[in-house]
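What follows is the content of final.cif, which has mmCIF, C-alpha atoms; chains and numbers go by the auth columns:
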```
data_target
loop_
_atom_site.group_PDB
_atom_site.id
_atom_site.type_symbol
_atom_site.label_atom_id
_atom_site.label_comp_id
_atom_site.label_asym_id
_atom_site.label_seq_id
_atom_site.Cartn_x
_atom_site.Cartn_y
_atom_site.Cartn_z
_atom_site.B_iso_or_equiv
_atom_site.auth_seq_id
_atom_site.auth_asym_id
ATOM 1 C CA MET A 1 114.979 79.098 84.782 0.00 1 A
ATOM 2 C CA GLY A 2 111.932 76.895 85.309 0.00 2 A
ATOM 3 C CA VAL A 3 110.999 74.603 88.120 0.00 3 A
ATOM 4 C CA MET A 4 109.902 71.014 87.905 0.00 4 A
ATOM 5 C CA ALA A 5 106.204 70.490 87.661 0.00 5 A
ATOM 6 C CA PRO A 6 104.511 69.219 90.804 0.00 6 A
ATOM 7 C CA GLY A 7 104.861 65.492 91.155 0.00 7 A
ATOM 8 C CA THR A 8 108.194 65.216 89.349 0.00 8 A
ATOM 9 C CA ARG A 9 110.506 66.014 92.210 0.00 9 A
ATOM 10 C CA GLY A 10 112.386 63.149 93.775 0.00 10 A
ATOM 11 C CA LYS A 11 111.243 60.462 91.344 0.00 11 A
ATOM 12 C CA ALA A 12 114.323 58.367 90.748 0.00 12 A
ATOM 13 C CA GLY A 13 114.610 56.777 87.343 0.00 13 A
ATOM 14 C CA GLN A 14 112.280 59.236 85.674 0.00 14 A
ATOM 15 C CA THR A 15 113.288 59.540 82.035 0.00 15 A
ATOM 16 C CA GLY A 16 111.776 62.941 81.360 0.00 16 A
ATOM 17 C CA VAL A 17 111.190 65.938 83.546 0.00 17 A
ATOM 18 C CA ALA A 18 108.300 68.274 82.874 0.00 18 A
ATOM 19 C CA TRP A 19 109.495 71.832 83.297 0.00 19 A
ATOM 20 C CA MET A 20 107.174 74.703 83.959 0.00 20 A
ATOM 21 C CA THR A 21 107.898 78.358 84.323 0.00 21 A
ATOM 22 C CA THR A 22 106.599 80.555 87.073 0.00 22 A
ATOM 23 C CA ASP A 23 106.662 83.625 84.830 0.00 23 A
ATOM 24 C CA VAL A 24 103.633 85.596 83.771 0.00 24 A
ATOM 25 C CA THR A 25 103.696 88.027 80.895 0.00 25 A
ATOM 26 C CA LEU A 26 101.682 91.201 81.293 0.00 26 A
ATOM 27 C CA ARG A 27 100.701 93.333 78.294 0.00 27 A
ATOM 28 C CA LEU A 28 100.118 96.848 79.568 0.00 28 A
ATOM 29 C CA ASP A 29 99.014 99.937 77.684 0.00 29 A
ATOM 30 C CA LYS A 30 100.614 103.284 78.598 0.00 30 A
ATOM 31 C CA PHE A 31 98.057 104.083 81.321 0.00 31 A
ATOM 32 C CA ALA A 32 98.428 100.642 82.891 0.00 32 A
ATOM 33 C CA GLN A 33 102.237 100.871 82.646 0.00 33 A
ATOM 34 C CA ARG A 34 102.245 104.090 84.678 0.00 34 A
ATOM 35 C CA ALA A 35 99.804 102.712 87.256 0.00 35 A
ATOM 36 C CA PHE A 36 101.771 99.471 87.541 0.00 36 A
ATOM 37 C CA ALA A 37 105.038 101.388 87.954 0.00 37 A
ATOM 38 C CA ARG A 38 103.503 103.287 90.912 0.00 38 A
ATOM 39 C CA LEU A 39 102.321 99.993 92.404 0.00 39 A
ATOM 40 C CA ALA A 40 105.761 98.418 91.990 0.00 40 A
ATOM 41 C CA ARG A 41 107.465 101.445 93.575 0.00 41 A
ATOM 42 C CA GLY A 42 105.214 100.928 96.594 0.00 42 A
ATOM 43 C CA ARG A 43 106.509 97.343 96.757 0.00 43 A
ATOM 44 C CA ARG A 44 110.181 98.392 96.921 0.00 44 A
ATOM 45 C CA GLY A 45 110.413 98.531 93.144 0.00 45 A
ATOM 46 C CA SER A 46 109.612 94.849 92.722 0.00 46 A
ATOM 47 C CA ALA A 47 107.295 93.952 89.855 0.00 47 A
ATOM 48 C CA ALA A 48 106.988 90.437 91.299 0.00 48 A
ATOM 49 C CA ALA A 49 105.893 91.787 94.696 0.00 49 A
ATOM 50 C CA ALA A 50 103.370 94.072 92.986 0.00 50 A
ATOM 51 C CA VAL A 51 101.846 91.200 90.980 0.00 51 A
ATOM 52 C CA ARG A 52 101.844 88.978 94.070 0.00 52 A
ATOM 53 C CA THR A 53 100.032 91.637 96.132 0.00 53 A
ATOM 54 C CA ALA A 54 97.490 92.263 93.384 0.00 54 A
ATOM 55 C CA SER A 55 96.928 88.542 92.790 0.00 55 A
ATOM 56 C CA LEU A 56 96.413 87.738 96.462 0.00 56 A
ATOM 57 C CA TYR A 57 94.060 90.703 96.851 0.00 57 A
ATOM 58 C CA TYR A 58 92.098 89.602 93.803 0.00 58 A
ATOM 59 C CA LEU A 59 91.900 85.949 94.876 0.00 59 A
ATOM 60 C CA ALA A 60 90.829 86.917 98.402 0.00 60 A
ATOM 61 C CA ASP A 61 87.877 88.800 96.884 0.00 61 A
ATOM 62 C CA ARG A 62 86.503 85.669 95.157 0.00 62 A
ATOM 63 C CA GLU A 63 83.386 85.507 97.353 0.00 63 A
ATOM 64 C CA SER A 64 82.474 89.163 96.770 0.00 64 A
ATOM 65 C CA HIS A 65 80.373 88.213 93.726 0.00 65 A
ATOM 66 C CA ARG A 66 81.357 91.491 92.066 0.00 66 A
ATOM 67 C CA PRO A 67 80.658 91.487 88.324 0.00 67 A
ATOM 68 C CA ALA A 68 84.195 92.784 87.703 0.00 68 A
ATOM 69 C CA TRP A 69 85.790 89.824 89.488 0.00 69 A
ATOM 70 C CA ARG A 70 85.758 87.299 86.624 0.00 70 A
ATOM 71 C CA VAL A 71 88.382 87.738 83.931 0.00 71 A
ATOM 72 C CA PRO A 72 86.686 89.299 80.895 0.00 72 A
ATOM 73 C CA ARG A 73 86.952 87.655 77.499 0.00 73 A
ATOM 74 C CA LEU A 74 88.603 90.396 75.462 0.00 74 A
ATOM 75 C CA GLY A 75 90.335 88.351 72.799 0.00 75 A
ATOM 76 C CA ASP A 76 93.953 88.824 71.826 0.00 76 A
ATOM 77 C CA ALA A 77 94.174 92.599 72.069 0.00 77 A
ATOM 78 C CA ASP A 78 97.732 93.829 71.723 0.00 78 A
ATOM 79 C CA LEU A 79 97.816 96.417 74.486 0.00 79 A
ATOM 80 C CA GLY A 80 101.472 97.231 74.315 0.00 80 A
ATOM 81 C CA PRO A 81 104.890 96.043 75.327 0.00 81 A
ATOM 82 C CA THR A 82 105.204 92.996 77.506 0.00 82 A
ATOM 83 C CA LEU A 83 106.553 92.754 81.011 0.00 83 A
ATOM 84 C CA LYS A 84 107.690 89.329 82.188 0.00 84 A
ATOM 85 C CA VAL A 85 107.344 88.792 85.941 0.00 85 A
ATOM 86 C CA ARG A 86 108.562 85.770 87.883 0.00 86 A
ATOM 87 C CA LEU A 87 106.200 84.723 90.674 0.00 87 A
ATOM 88 C CA ASP A 88 106.966 82.649 93.729 0.00 88 A
ATOM 89 C CA GLU A 89 105.626 79.089 93.576 0.00 89 A
ATOM 90 C CA ASP A 90 102.688 79.658 95.969 0.00 90 A
ATOM 91 C CA THR A 91 101.416 82.684 94.048 0.00 91 A
ATOM 92 C CA TRP A 92 102.009 80.910 90.730 0.00 92 A
ATOM 93 C CA ARG A 93 100.006 77.916 91.915 0.00 93 A
ATOM 94 C CA ALA A 94 97.109 80.069 93.152 0.00 94 A
ATOM 95 C CA VAL A 95 97.027 82.097 89.929 0.00 95 A
ATOM 96 C CA THR A 96 97.172 79.060 87.645 0.00 96 A
ATOM 97 C CA GLU A 97 94.507 77.169 89.616 0.00 97 A
ATOM 98 C CA GLU A 98 92.086 80.084 89.361 0.00 98 A
ATOM 99 C CA ALA A 99 92.980 80.618 85.708 0.00 99 A
ATOM 100 C CA GLU A 100 92.087 76.987 85.011 0.00 100 A
ATOM 101 C CA ARG A 101 88.763 77.402 86.863 0.00 101 A
ATOM 102 C CA GLN A 102 87.936 80.409 84.704 0.00 102 A
ATOM 103 C CA GLY A 103 89.263 78.912 81.468 0.00 103 A
ATOM 104 C CA VAL A 104 91.860 81.635 80.861 0.00 104 A
ATOM 105 C CA SER A 105 95.646 81.753 80.828 0.00 105 A
ATOM 106 C CA ALA A 106 97.702 82.599 83.901 0.00 106 A
ATOM 107 C CA ASP A 107 98.897 85.701 82.048 0.00 107 A
ATOM 108 C CA GLU A 108 95.317 86.897 81.516 0.00 108 A
ATOM 109 C CA LEU A 109 94.387 86.253 85.130 0.00 109 A
ATOM 110 C CA ALA A 110 97.500 87.997 86.494 0.00 110 A
ATOM 111 C CA LEU A 111 96.860 91.029 84.287 0.00 111 A
ATOM 112 C CA HIS A 112 93.229 91.145 85.370 0.00 112 A
ATOM 113 C CA ALA A 113 94.270 90.843 89.039 0.00 113 A
ATOM 114 C CA VAL A 114 96.632 93.800 88.638 0.00 114 A
ATOM 115 C CA MET A 115 93.958 95.922 86.949 0.00 115 A
ATOM 116 C CA TYR A 116 91.339 94.869 89.537 0.00 116 A
ATOM 117 C CA PHE A 117 93.688 95.841 92.377 0.00 117 A
ATOM 118 C CA LEU A 118 94.632 99.165 90.767 0.00 118 A
ATOM 119 C CA ALA A 119 90.961 100.003 90.166 0.00 119 A
ATOM 120 C CA ASP A 120 90.159 99.364 93.834 0.00 120 A
ATOM 121 C CA VAL A 121 93.092 101.503 94.964 0.00 121 A
ATOM 122 C CA ASP A 122 92.069 104.307 92.597 0.00 122 A
ATOM 123 C CA SER A 123 88.368 104.202 93.521 0.00 123 A
ATOM 124 C CA GLY A 124 88.976 104.240 97.276 0.00 124 A
ATOM 125 C CA ARG A 125 87.467 100.776 97.697 0.00 125 A
ATOM 126 C CA MET A 126 90.805 99.573 99.065 0.00 126 A
ATOM 127 C CA GLY A 127 90.563 102.068 101.927 0.00 127 A
ATOM 128 C CA VAL A 128 87.005 101.005 102.728 0.00 128 A
ATOM 129 C CA ARG A 129 88.023 97.329 102.816 0.00 129 A
ATOM 130 C CA LEU A 130 90.976 98.154 105.057 0.00 130 A
ATOM 131 C CA ASP A 131 88.738 100.094 107.449 0.00 131 A
ATOM 132 C CA GLU A 132 86.267 97.183 107.542 0.00 132 A
ATOM 133 C CA SER A 133 89.079 94.714 108.238 0.00 133 A
ATOM 134 C CA LEU A 134 90.425 96.859 111.061 0.00 134 A
ATOM 135 C CA GLU A 135 86.952 97.181 112.601 0.00 135 A
ATOM 136 C CA GLU A 136 86.494 93.405 112.463 0.00 136 A
ATOM 137 C CA ALA A 137 89.847 92.912 114.204 0.00 137 A
ATOM 138 C CA GLU A 138 88.824 95.081 117.174 0.00 138 A
#
```
Represent the supplied structure as structure tokens.
Amino acid sequence: MGVMAPGTRGKAGQTGVAWMTTDVTLRLDKFAQRAFARLARGRRGSAAAAVRTASLYYLADRESHRPAWRVPRLGDADLGPTLKVRLDEDTWRAVTEEAERQGVSADELALHAVMYFLADVDSGRMGVRLDESLEEAE
């Protein structure tokens, strides 16, 4: 089920309604599938919550100027089976806006956000950022 595109709600007399979906499709190889499954389990088994967490983490790191932040241009590699994930409207909007800024699809950006998040968890960078955030809060 899609939702109406912004600007179409409540317009009486409108002859056509532009529908958009809030789904992203992730293509994950076997390694990424296992890592994503662990991430989703940590989010009460919800793939949507896992993608939301990864996307918000990724978008919050925009000002880091890390070379790995921008979505790489890898072409149409067929990594494996697809996983369709429905995002809430706020996350969808944030993902699509950044995807447009970078000139990539929302699917590509969401996949990159998941991989970026998983890499930071795996490398220990997530723990360092959490420690820094806690120190700043004190």
inquiry  = Here is a test: counting only C-alpha atoms, which residue of A:Ala32, A:Ser55, A:Glu100, A:Ala40 is nearest to A:Trp69?
reply    =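 Smallest separation from A:Trp69 among the options: A:Ser55.
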ask   = Written as a PyMOL selection string, which residues does the PyMOL selection byres ((chain A and resi 39) around 12) give for the file shown?
value = chain A and resi 32-38+40-54+114-115+117-119+121-122
ask   = Separation of atom CA of A:Val95 and atom CA of A:Leu59, in Å?
value =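 That distance, rounded to one decimal, is 8.1 Å.
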task = Would you mind reading off the distance between atom CA of A:Ser123 and atom CA of A:Ala68, one decimal, in Å?
result = 13.5 Å
note = Between atom CA of A:Met126 and atom CA of A:Ala60 lies a distance of 12.7 Å
